[in-house]
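Notes follow once the structure below has been shown.
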Amino acid sequence: MTKRFPNERFLSGNFAPLRAECDAPDLEIEGDWPEDLAGTLVRNGSNPLFPPRDKYHLFSGDGMIHAFDIAGGRVAYRNRWVRTGKWKLERDHGRALFGTLGNPLTSDPITRGVPFNVANTNVLFHAGRLLALEEGNPPFELERGSLDSLGTWDFDGALEGPMTAHPKIDPETGEMLFFGYNVGGMGRPTMSHQVVAKDGRLTRSDRFEAPYASMVHDFIATRNHVVFPIFPATTSLERAMKGGPPIAWDAGESSRFGFLRRSDPIDAIRWVEAEACFVYHPMNAFEDGDRLVADMVRYDGAPGFPTADGGRPDPRHAEGRLERWTFDLSGATDDPKIEIVDELLSEFPRLDERFAGLPYRHGFMTSTERPEGRNAIFDQIAHVDFEAGRVARWHAGEDHLVGEPIFVPRAPDAEEGDGYVLSIVYVGPENRSDLVLFDATSIEAGPRARARLDLRVPNGFHGNWIPA
Ligand SMILES: [Fe+2]
């Protein structure tokens, strides 16, 4: 019999999993919902099917997709678990079989040969396929309307190894660019770089050696460059086999950025050294003459990860702030110029994706004035106007939490920033969630409309808009 989930930080409050799948065909709308908005908002997140066998990690729960189908002023909701091999094996046995993050030392021997894939980090649509992504595995394909699980998608056998949950879609070519890390096994510094054409064919696949093995969550792609950022959240199988942390903050290492012109062969990567820090997510990056500008939420250490000798995580390492890093592409200097864009704790930086990798004006993110930002809990949506040099915010209210802000253009050819921002907001006092819609460039005016759910959508990770 399944017992209650343990009272851990990332299994309580609105981190607690939703233990149901359902369809809500017609949500109640409050406010002025735009009649002509048509498409689907999909979002992924950790939602463990069973209570964990050992200490839970936020990244370790089974993926659950939440989808809002929007058309003609109506909003329908559906949620489904991503039924990976791991999920099915545990469902068939009625209990958790894998240790946290797939730790072999705490997994049931019955799991041997089944990949630890929770497919919980991101979900996006490219070349006709809806893909649930998690950085330790290849993509997992879902049926677009029903969210039924279809299975691992390896680009017709062309993809070997894992794929980041943060590929970049080039708005000019329609290509999807991505990378993988720990290729060939945990703790190996081998990485991969791939390009998938607009039609879904994998057209480039390279391997390279990073300066050291680390957790690489996201990367940078601009019109002519890709950049692989390596931060000292080191991975080590040897350390893990001795009972130490598989991923640890190693302050003795520097950060490295591997620059590659997209038209160059992989061995042309040039590595630039920078101060030890950690970034989960860039907001965007672009080229400006012989400079490359990257806006990133920077932490002073790897949030929530212990030190290499097993020491407790430093809570100050969980404070992320948006910075602008300017790199010299000419090679004249290695030292990037670093400027703080916003002082508040923030995460989930996004943009009008039609400007991904290009010069841009508008960014969106979650932020907070409270220390809860250290626990990946945010209560504000922020709009960063780089041209005006101003950050506008909306505070969701006491005991309300906001999710990643996702931009939707008003029309395919609308000006940058002309459109809406969607965010799933947890209404704590009522223990349920709303899909909240803003006019993107007047976030501070508050929501223009809300679609009301009777249930709560647990705090999650990333999502995307799929136009109808
Ligand atoms: Fe992420």
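Going through the structure tokens in order, the chains are called A, B, and so on, while each chain numbers its residues from 1 and the ligands are numbered from 1 in the order shown.
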
Per-residue nearest contacts chain A to ligand 1, cut-off 10 Å, using only C-alpha atoms and all ligand atoms, as a Markdown table:
```
| residue | atom | partner | partner_atom_place_in_ligand_line | distance |
| --- | --- | --- | --- | --- |
| A:Thr121 | CA | ligand 1 | 1 (Fe) | 6.4 |
| A:Asn122 | CA | ligand 1 | 1 (Fe) | 7.3 |
| A:Glu134 | CA | ligand 1 | 1 (Fe) | 9.1 |
| A:Glu135 | CA | ligand 1 | 1 (Fe) | 9.3 |
| A:Thr164 | CA | ligand 1 | 1 (Fe) | 9.1 |
| A:Ala165 | CA | ligand 1 | 1 (Fe) | 6.8 |
| A:His166 | CA | ligand 1 | 1 (Fe) | 6.6 |
| A:His217 | CA | ligand 1 | 1 (Fe) | 6.4 |
| A:Asp218 | CA | ligand 1 | 1 (Fe) | 6.9 |
| A:Val279 | CA | ligand 1 | 1 (Fe) | 9.8 |
| A:Tyr280 | CA | ligand 1 | 1 (Fe) | 6.1 |
| A:His281 | CA | ligand 1 | 1 (Fe) | 6.2 |
| A:Pro282 | CA | ligand 1 | 1 (Fe) | 9.5 |
| A:Glu347 | CA | ligand 1 | 1 (Fe) | 9.4 |
| A:Phe348 | CA | ligand 1 | 1 (Fe) | 7.5 |
| A:Pro349 | CA | ligand 1 | 1 (Fe) | 9.6 |
| A:Phe461 | CA | ligand 1 | 1 (Fe) | 6.5 |
| A:His462 | CA | ligand 1 | 1 (Fe) | 6.5 |
| A:Gly463 | CA | ligand 1 | 1 (Fe) | 9.8 |
```

What would the file look like if the residues just selected were written as a compact mmCIF listing (two decimals), in the first residue's frame with C-alpha atoms?
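Saved to again_1.txt:
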```
# COMPACT_ATOMS: atom_id res chain seq x y z
CA THR A 121 12.35 19.23 -17.41
CA ASN A 122 11.00 20.77 -20.58
CA GLU A 134 15.45 15.71 -19.52
CA GLU A 135 19.20 16.14 -19.80
CA THR A 164 19.91 18.78 -23.04
CA ALA A 165 16.44 19.89 -21.94
CA HIS A 166 17.32 23.34 -23.35
CA HIS A 217 22.11 22.40 -17.97
CA ASP A 218 21.80 24.94 -20.78
CA VAL A 279 24.17 29.40 -14.38
CA TYR A 280 21.12 27.27 -15.00
CA HIS A 281 19.60 29.50 -17.66
CA PRO A 282 20.61 32.23 -20.03
CA GLU A 347 14.93 32.57 -12.40
CA PHE A 348 13.11 31.19 -15.43
CA PRO A 349 14.36 33.89 -17.84
CA PHE A 461 10.09 23.66 -14.66
CA HIS A 462 9.75 24.69 -18.29
CA GLY A 463 7.15 24.94 -21.00
```

Inset, instruction - Among the residues of region 345-447 of chain A, find those DSSP assigns to helix (DSSP H, G or I) from the backbone and print them as a ChimeraX atom specification. - result: /A:353-355,371-375,428-430,440-445

Go ahead and dump the residues you just picked, N, CA and C atoms, as a compact mmCIF listing (two decimals), in the first residue's frame.
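Written file, part_25.txt:
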```txt
# COMPACT_ATOMS: atom_id res chain seq x y z
N GLU A 353 10.61 34.42 -28.37
CA GLU A 353 11.52 33.44 -28.98
C GLU A 353 11.82 33.74 -30.45
N ARG A 354 11.04 34.61 -31.07
CA ARG A 354 11.35 34.98 -32.45
C ARG A 354 12.67 35.74 -32.52
N PHE A 355 13.20 36.15 -31.33
CA PHE A 355 14.46 36.89 -31.28
C PHE A 355 15.56 36.08 -30.58
N PRO A 371 13.47 35.79 0.72
CA PRO A 371 14.53 34.78 0.67
C PRO A 371 14.06 33.46 0.07
N GLU A 372 12.73 33.30 -0.10
CA GLU A 372 12.20 32.06 -0.66
C GLU A 372 12.74 31.78 -2.06
N GLY A 373 13.27 32.82 -2.71
CA GLY A 373 13.88 32.61 -4.01
C GLY A 373 14.97 31.54 -3.96
N ARG A 374 15.55 31.40 -2.78
CA ARG A 374 16.57 30.35 -2.59
C ARG A 374 15.99 28.95 -2.74
N ASN A 375 14.68 28.81 -2.53
CA ASN A 375 14.04 27.50 -2.65
C ASN A 375 13.33 27.37 -3.99
N GLY A 428 -2.44 30.15 -3.47
CA GLY A 428 -2.26 29.42 -2.22
C GLY A 428 -3.49 29.39 -1.32
N PRO A 429 -4.13 30.55 -1.09
CA PRO A 429 -5.27 30.55 -0.16
C PRO A 429 -6.41 29.63 -0.60
N GLU A 430 -6.49 29.33 -1.90
CA GLU A 430 -7.55 28.43 -2.39
C GLU A 430 -6.99 27.06 -2.80
N ALA A 440 2.05 41.68 -22.65
CA ALA A 440 3.46 41.43 -22.30
C ALA A 440 4.21 42.68 -21.86
N THR A 441 3.93 43.80 -22.46
CA THR A 441 4.72 44.98 -22.11
C THR A 441 4.04 45.84 -21.05
N SER A 442 2.96 45.33 -20.45
CA SER A 442 2.43 46.03 -19.27
C SER A 442 2.14 45.04 -18.15
N ILE A 443 3.19 44.26 -17.83
CA ILE A 443 3.11 43.28 -16.75
C ILE A 443 2.65 43.93 -15.45
N GLU A 444 3.18 45.15 -15.20
CA GLU A 444 2.89 45.80 -13.91
C GLU A 444 1.40 46.14 -13.75
N ALA A 445 0.65 46.15 -14.86
CA ALA A 445 -0.79 46.41 -14.78
C ALA A 445 -1.55 45.21 -14.24
```

Neighbours of region 402-414 of chain A within 8 Å (only C-alpha atoms; same-chain residues fewer than 4 positions away dropped), as a PDB file with N, CA and C atoms, in the first residue's frame?
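That gives us selection01.pdb:
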```
ATOM      1  N   LEU A  37      -6.631  34.316 -29.699  1.00  0.00           N
ATOM      2  CA  LEU A  37      -5.453  33.550 -29.248  1.00  0.00           C
ATOM      3  C   LEU A  37      -5.737  32.060 -29.454  1.00  0.00           C
ATOM      4  N   PHE A 348      14.001  31.429 -14.287  1.00  0.00           N
ATOM      5  CA  PHE A 348      13.113  31.192 -15.431  1.00  0.00           C
ATOM      6  C   PHE A 348      13.114  32.350 -16.434  1.00  0.00           C
ATOM      7  N   PRO A 349      14.310  32.794 -16.872  1.00  0.00           N
ATOM      8  CA  PRO A 349      14.361  33.891 -17.842  1.00  0.00           C
ATOM      9  C   PRO A 349      13.911  33.421 -19.220  1.00  0.00           C
ATOM     10  N   ARG A 350      13.070  34.179 -19.860  1.00  0.00           N
ATOM     11  CA  ARG A 350      12.560  33.853 -21.200  1.00  0.00           C
ATOM     12  C   ARG A 350      12.519  35.117 -22.051  1.00  0.00           C
ATOM     13  N   LEU A 351      12.184  34.938 -23.320  1.00  0.00           N
ATOM     14  CA  LEU A 351      12.094  36.074 -24.219  1.00  0.00           C
ATOM     15  C   LEU A 351      11.046  35.785 -25.276  1.00  0.00           C
ATOM     16  N   ASP A 352      10.830  36.760 -26.132  1.00  0.00           N
ATOM     17  CA  ASP A 352      10.050  36.568 -27.352  1.00  0.00           C
ATOM     18  C   ASP A 352      10.954  35.713 -28.245  1.00  0.00           C
ATOM     19  N   GLU A 353      10.606  34.415 -28.365  1.00  0.00           N
ATOM     20  CA  GLU A 353      11.517  33.439 -28.985  1.00  0.00           C
ATOM     21  C   GLU A 353      11.816  33.739 -30.452  1.00  0.00           C
ATOM     22  N   PHE A 364      11.634  38.315 -19.953  1.00  0.00           N
ATOM     23  CA  PHE A 364      10.654  38.045 -18.896  1.00  0.00           C
ATOM     24  C   PHE A 364      11.258  37.015 -17.947  1.00  0.00           C
ATOM     25  N   MET A 365      10.931  37.101 -16.664  1.00  0.00           N
ATOM     26  CA  MET A 365      11.462  36.120 -15.706  1.00  0.00           C
ATOM     27  C   MET A 365      10.600  36.157 -14.455  1.00  0.00           C
ATOM     28  N   THR A 366      10.843  35.189 -13.570  1.00  0.00           N
ATOM     29  CA  THR A 366      10.220  35.252 -12.251  1.00  0.00           C
ATOM     30  C   THR A 366      11.216  35.895 -11.299  1.00  0.00           C
ATOM     31  N   ILE A 377      11.282  29.386  -5.301  1.00  0.00           N
ATOM     32  CA  ILE A 377       9.893  29.825  -5.144  1.00  0.00           C
ATOM     33  C   ILE A 377       9.848  31.320  -5.458  1.00  0.00           C
ATOM     34  N   PHE A 378       8.991  31.680  -6.388  1.00  0.00           N
ATOM     35  CA  PHE A 378       8.934  33.074  -6.835  1.00  0.00           C
ATOM     36  C   PHE A 378       7.492  33.571  -6.803  1.00  0.00           C
ATOM     37  N   ASP A 379       7.343  34.885  -6.541  1.00  0.00           N
ATOM     38  CA  ASP A 379       5.993  35.439  -6.440  1.00  0.00           C
ATOM     39  C   ASP A 379       5.785  36.659  -7.337  1.00  0.00           C
ATOM     40  N   GLN A 380       6.762  36.933  -8.212  1.00  0.00           N
ATOM     41  CA  GLN A 380       6.622  38.073  -9.118  1.00  0.00           C
ATOM     42  C   GLN A 380       6.927  37.653 -10.553  1.00  0.00           C
ATOM     43  N   ILE A 381       6.212  38.267 -11.495  1.00  0.00           N
ATOM     44  CA  ILE A 381       6.607  38.185 -12.900  1.00  0.00           C
ATOM     45  C   ILE A 381       7.282  39.516 -13.235  1.00  0.00           C
ATOM     46  N   ALA A 396       2.247  38.610  -7.321  1.00  0.00           N
ATOM     47  CA  ALA A 396       1.041  37.777  -7.411  1.00  0.00           C
ATOM     48  C   ALA A 396       0.179  37.839  -6.161  1.00  0.00           C
ATOM     49  N   ASP A 418       5.193  42.490 -28.716  1.00  0.00           N
ATOM     50  CA  ASP A 418       3.765  42.757 -28.912  1.00  0.00           C
ATOM     51  C   ASP A 418       3.027  41.426 -28.810  1.00  0.00           C
ATOM     52  N   GLY A 419       2.453  41.193 -27.648  1.00  0.00           N
ATOM     53  CA  GLY A 419       1.776  39.920 -27.434  1.00  0.00           C
ATOM     54  C   GLY A 419       1.445  39.723 -25.968  1.00  0.00           C
ATOM     55  N   TYR A 420       1.418  38.464 -25.571  1.00  0.00           N
ATOM     56  CA  TYR A 420       0.969  38.114 -24.234  1.00  0.00           C
ATOM     57  C   TYR A 420       2.061  37.363 -23.484  1.00  0.00           C
ATOM     58  N   VAL A 421       1.953  37.385 -22.175  1.00  0.00           N
ATOM     59  CA  VAL A 421       2.748  36.492 -21.335  1.00  0.00           C
ATOM     60  C   VAL A 421       1.775  35.593 -20.587  1.00  0.00           C
ATOM     61  N   LEU A 422       2.053  34.282 -20.608  1.00  0.00           N
ATOM     62  CA  LEU A 422       1.250  33.305 -19.876  1.00  0.00           C
ATOM     63  C   LEU A 422       2.085  32.743 -18.731  1.00  0.00           C
ATOM     64  N   SER A 423       1.461  32.549 -17.583  1.00  0.00           N
ATOM     65  CA  SER A 423       2.156  31.933 -16.447  1.00  0.00           C
ATOM     66  C   SER A 423       1.130  31.158 -15.626  1.00  0.00           C
ATOM     67  N   ILE A 424       1.545  30.013 -15.115  1.00  0.00           N
ATOM     68  CA  ILE A 424       0.666  29.237 -14.234  1.00  0.00           C
ATOM     69  C   ILE A 424       0.911  29.727 -12.818  1.00  0.00           C
ATOM     70  N   VAL A 425      -0.125  30.282 -12.204  1.00  0.00           N
ATOM     71  CA  VAL A 425       0.009  30.909 -10.882  1.00  0.00           C
ATOM     72  C   VAL A 425      -0.719  30.055  -9.846  1.00  0.00           C
ATOM     73  N   TYR A 426      -0.018  29.730  -8.766  1.00  0.00           N
ATOM     74  CA  TYR A 426      -0.614  28.971  -7.661  1.00  0.00           C
ATOM     75  C   TYR A 426      -1.312  29.943  -6.717  1.00  0.00           C
ATOM     76  N   ALA A 440       2.049  41.676 -22.646  1.00  0.00           N
ATOM     77  CA  ALA A 440       3.459  41.431 -22.304  1.00  0.00           C
ATOM     78  C   ALA A 440       4.210  42.677 -21.863  1.00  0.00           C
ATOM     79  N   ASN A 459       4.432  23.335  -8.595  1.00  0.00           N
ATOM     80  CA  ASN A 459       5.574  24.101  -9.108  1.00  0.00           C
ATOM     81  C   ASN A 459       6.358  23.196 -10.050  1.00  0.00           C
ATOM     82  N   GLY A 460       6.734  23.732 -11.196  1.00  0.00           N
ATOM     83  CA  GLY A 460       7.410  22.878 -12.165  1.00  0.00           C
ATOM     84  C   GLY A 460       8.569  23.594 -12.814  1.00  0.00           C
ATOM     85  N   PHE A 461       8.935  23.107 -13.974  1.00  0.00           N
ATOM     86  CA  PHE A 461      10.095  23.660 -14.658  1.00  0.00           C
ATOM     87  C   PHE A 461       9.661  24.458 -15.895  1.00  0.00           C
ATOM     88  N   HIS A 462       9.847  23.868 -17.085  1.00  0.00           N
ATOM     89  CA  HIS A 462       9.750  24.687 -18.285  1.00  0.00           C
ATOM     90  C   HIS A 462       8.614  24.253 -19.203  1.00  0.00           C
ATOM     91  N   GLY A 463       8.195  25.222 -20.030  1.00  0.00           N
ATOM     92  CA  GLY A 463       7.155  24.944 -21.000  1.00  0.00           C
ATOM     93  C   GLY A 463       7.310  25.825 -22.226  1.00  0.00           C
ATOM     94  N   ASN A 464       6.406  25.640 -23.157  1.00  0.00           N
ATOM     95  CA  ASN A 464       6.457  26.406 -24.396  1.00  0.00           C
ATOM     96  C   ASN A 464       5.068  26.566 -24.988  1.00  0.00           C
ATOM     97  N   TRP A 465       4.971  27.531 -25.859  1.00  0.00           N
ATOM     98  CA  TRP A 465       3.744  27.801 -26.585  1.00  0.00           C
ATOM     99  C   TRP A 465       3.819  27.124 -27.950  1.00  0.00           C
TER     100      TRP A 465
END
```

Inset, instruction - Kindly indicate which residue among A:Val427, A:Ala276, A:Leu345, A:Val196 lies nearest to Pro229 (chain A), using only C-alpha atoms for the distances. - result: A:Ala276

Legend entry - Polymer residues at most 10 Å from Glu172 (chain A), only C-alpha atoms, same-chain spacing of 2 or more positions, as a PyMOL selection string: chain A and resi 169-170+174-175+223+354-358

Each region 207-270 of chain A residue no farther than 10 Å from region 313-331 of chain A, nearest pair in Å, only C-alpha atoms, as CSV:
```
residue,atom,partner,partner_atom,distance
A:His225,CA,A:Leu329,CA,9.9
A:Ala248,CA,A:Pro313,CA,9.0
A:Trp249,CA,A:Pro313,CA,8.2
A:Phe257,CA,A:Phe327,CA,9.8
A:Phe259,CA,A:Leu329,CA,8.5
A:Arg270,CA,A:Gly331,CA,9.1
```

Residues of region 19-73 of chain A at most 12 Å from region 136-159 of chain A: nearest atom pair and distance in Å, only C-alpha atoms, as CSV:
```
residue,atom,partner,partner_atom,distance
A:Glu21,CA,A:Leu147,CA,11.0
A:Cys22,CA,A:Ser146,CA,11.2
A:Asp23,CA,A:Ser146,CA,10.0
A:Gly39,CA,A:Gly145,CA,11.0
A:Thr40,CA,A:Gly145,CA,9.2
A:Leu41,CA,A:Arg144,CA,11.2
A:Val42,CA,A:Arg144,CA,9.8
A:Arg43,CA,A:Leu147,CA,11.5
A:Asn44,CA,A:Leu147,CA,11.6
A:Phe59,CA,A:Gly136,CA,11.0
A:Ser60,CA,A:Gly136,CA,11.1
A:Gly63,CA,A:Phe140,CA,10.5
A:Met64,CA,A:Leu147,CA,9.9
A:Ile65,CA,A:Leu147,CA,7.6
A:His66,CA,A:Leu147,CA,9.1
A:Ala67,CA,A:Leu147,CA,8.3
A:Phe68,CA,A:Gly145,CA,10.4
A:Asp69,CA,A:Gly145,CA,8.8
```

Output N, CA and C atoms for every residue in the selection just made, as a PDB file, in the first residue's frame.
```
ATOM      1  N   GLU A  21      -4.572  12.313 -12.937  1.00  0.00           N
ATOM      2  CA  GLU A  21      -4.577  12.805 -14.315  1.00  0.00           C
ATOM      3  C   GLU A  21      -6.020  13.173 -14.631  1.00  0.00           C
ATOM      4  N   CYS A  22      -6.205  14.269 -15.337  1.00  0.00           N
ATOM      5  CA  CYS A  22      -7.593  14.645 -15.621  1.00  0.00           C
ATOM      6  C   CYS A  22      -7.698  15.540 -16.843  1.00  0.00           C
ATOM      7  N   ASP A  23      -8.947  15.728 -17.264  1.00  0.00           N
ATOM      8  CA  ASP A  23      -9.290  16.639 -18.351  1.00  0.00           C
ATOM      9  C   ASP A  23     -10.326  17.619 -17.823  1.00  0.00           C
ATOM     10  N   GLY A  39      -3.815  28.194 -29.671  1.00  0.00           N
ATOM     11  CA  GLY A  39      -2.629  27.344 -29.565  1.00  0.00           C
ATOM     12  C   GLY A  39      -2.672  26.576 -28.259  1.00  0.00           C
ATOM     13  N   THR A  40      -1.543  25.986 -27.914  1.00  0.00           N
ATOM     14  CA  THR A  40      -1.468  25.187 -26.689  1.00  0.00           C
ATOM     15  C   THR A  40      -0.248  25.600 -25.875  1.00  0.00           C
ATOM     16  N   LEU A  41      -0.469  25.837 -24.605  1.00  0.00           N
ATOM     17  CA  LEU A  41       0.650  26.029 -23.683  1.00  0.00           C
ATOM     18  C   LEU A  41       0.928  24.686 -23.020  1.00  0.00           C
ATOM     19  N   VAL A  42       2.151  24.193 -23.148  1.00  0.00           N
ATOM     20  CA  VAL A  42       2.532  22.942 -22.490  1.00  0.00           C
ATOM     21  C   VAL A  42       3.619  23.235 -21.469  1.00  0.00           C
ATOM     22  N   ARG A  43       3.556  22.513 -20.344  1.00  0.00           N
ATOM     23  CA  ARG A  43       4.587  22.713 -19.317  1.00  0.00           C
ATOM     24  C   ARG A  43       4.901  21.393 -18.639  1.00  0.00           C
ATOM     25  N   ASN A  44       6.176  21.197 -18.316  1.00  0.00           N
ATOM     26  CA  ASN A  44       6.637  19.960 -17.695  1.00  0.00           C
ATOM     27  C   ASN A  44       7.096  20.244 -16.266  1.00  0.00           C
ATOM     28  N   PHE A  59      14.895  17.332  -8.884  1.00  0.00           N
ATOM     29  CA  PHE A  59      15.042  16.975 -10.303  1.00  0.00           C
ATOM     30  C   PHE A  59      14.698  15.501 -10.560  1.00  0.00           C
ATOM     31  N   SER A  60      14.272  14.782  -9.516  1.00  0.00           N
ATOM     32  CA  SER A  60      14.189  13.334  -9.614  1.00  0.00           C
ATOM     33  C   SER A  60      12.785  12.785  -9.850  1.00  0.00           C
ATOM     34  N   GLY A  63       8.156  13.047 -14.852  1.00  0.00           N
ATOM     35  CA  GLY A  63       7.625  14.195 -15.578  1.00  0.00           C
ATOM     36  C   GLY A  63       6.116  14.126 -15.688  1.00  0.00           C
ATOM     37  N   MET A  64       5.459  15.276 -15.493  1.00  0.00           N
ATOM     38  CA  MET A  64       4.031  15.391 -15.781  1.00  0.00           C
ATOM     39  C   MET A  64       3.836  16.611 -16.679  1.00  0.00           C
ATOM     40  N   ILE A  65       3.090  16.393 -17.762  1.00  0.00           N
ATOM     41  CA  ILE A  65       2.813  17.494 -18.691  1.00  0.00           C
ATOM     42  C   ILE A  65       1.463  18.106 -18.349  1.00  0.00           C
ATOM     43  N   HIS A  66       1.446  19.420 -18.264  1.00  0.00           N
ATOM     44  CA  HIS A  66       0.200  20.172 -18.102  1.00  0.00           C
ATOM     45  C   HIS A  66      -0.009  20.940 -19.408  1.00  0.00           C
ATOM     46  N   ALA A  67      -1.174  20.770 -20.024  1.00  0.00           N
ATOM     47  CA  ALA A  67      -1.425  21.410 -21.320  1.00  0.00           C
ATOM     48  C   ALA A  67      -2.708  22.223 -21.261  1.00  0.00           C
ATOM     49  N   PHE A  68      -2.625  23.446 -21.760  1.00  0.00           N
ATOM     50  CA  PHE A  68      -3.800  24.316 -21.861  1.00  0.00           C
ATOM     51  C   PHE A  68      -4.063  24.555 -23.350  1.00  0.00           C
ATOM     52  N   ASP A  69      -5.179  24.010 -23.839  1.00  0.00           N
ATOM     53  CA  ASP A  69      -5.575  24.229 -25.242  1.00  0.00           C
ATOM     54  C   ASP A  69      -6.454  25.466 -25.294  1.00  0.00           C
TER      55      ASP A  69
END
```

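Closest approach to Gly417 (chain A) among A:Met186, A:Ala449, A:Val384, A:Leu401 is made by A:Val384 (distances from only C-alpha atoms).
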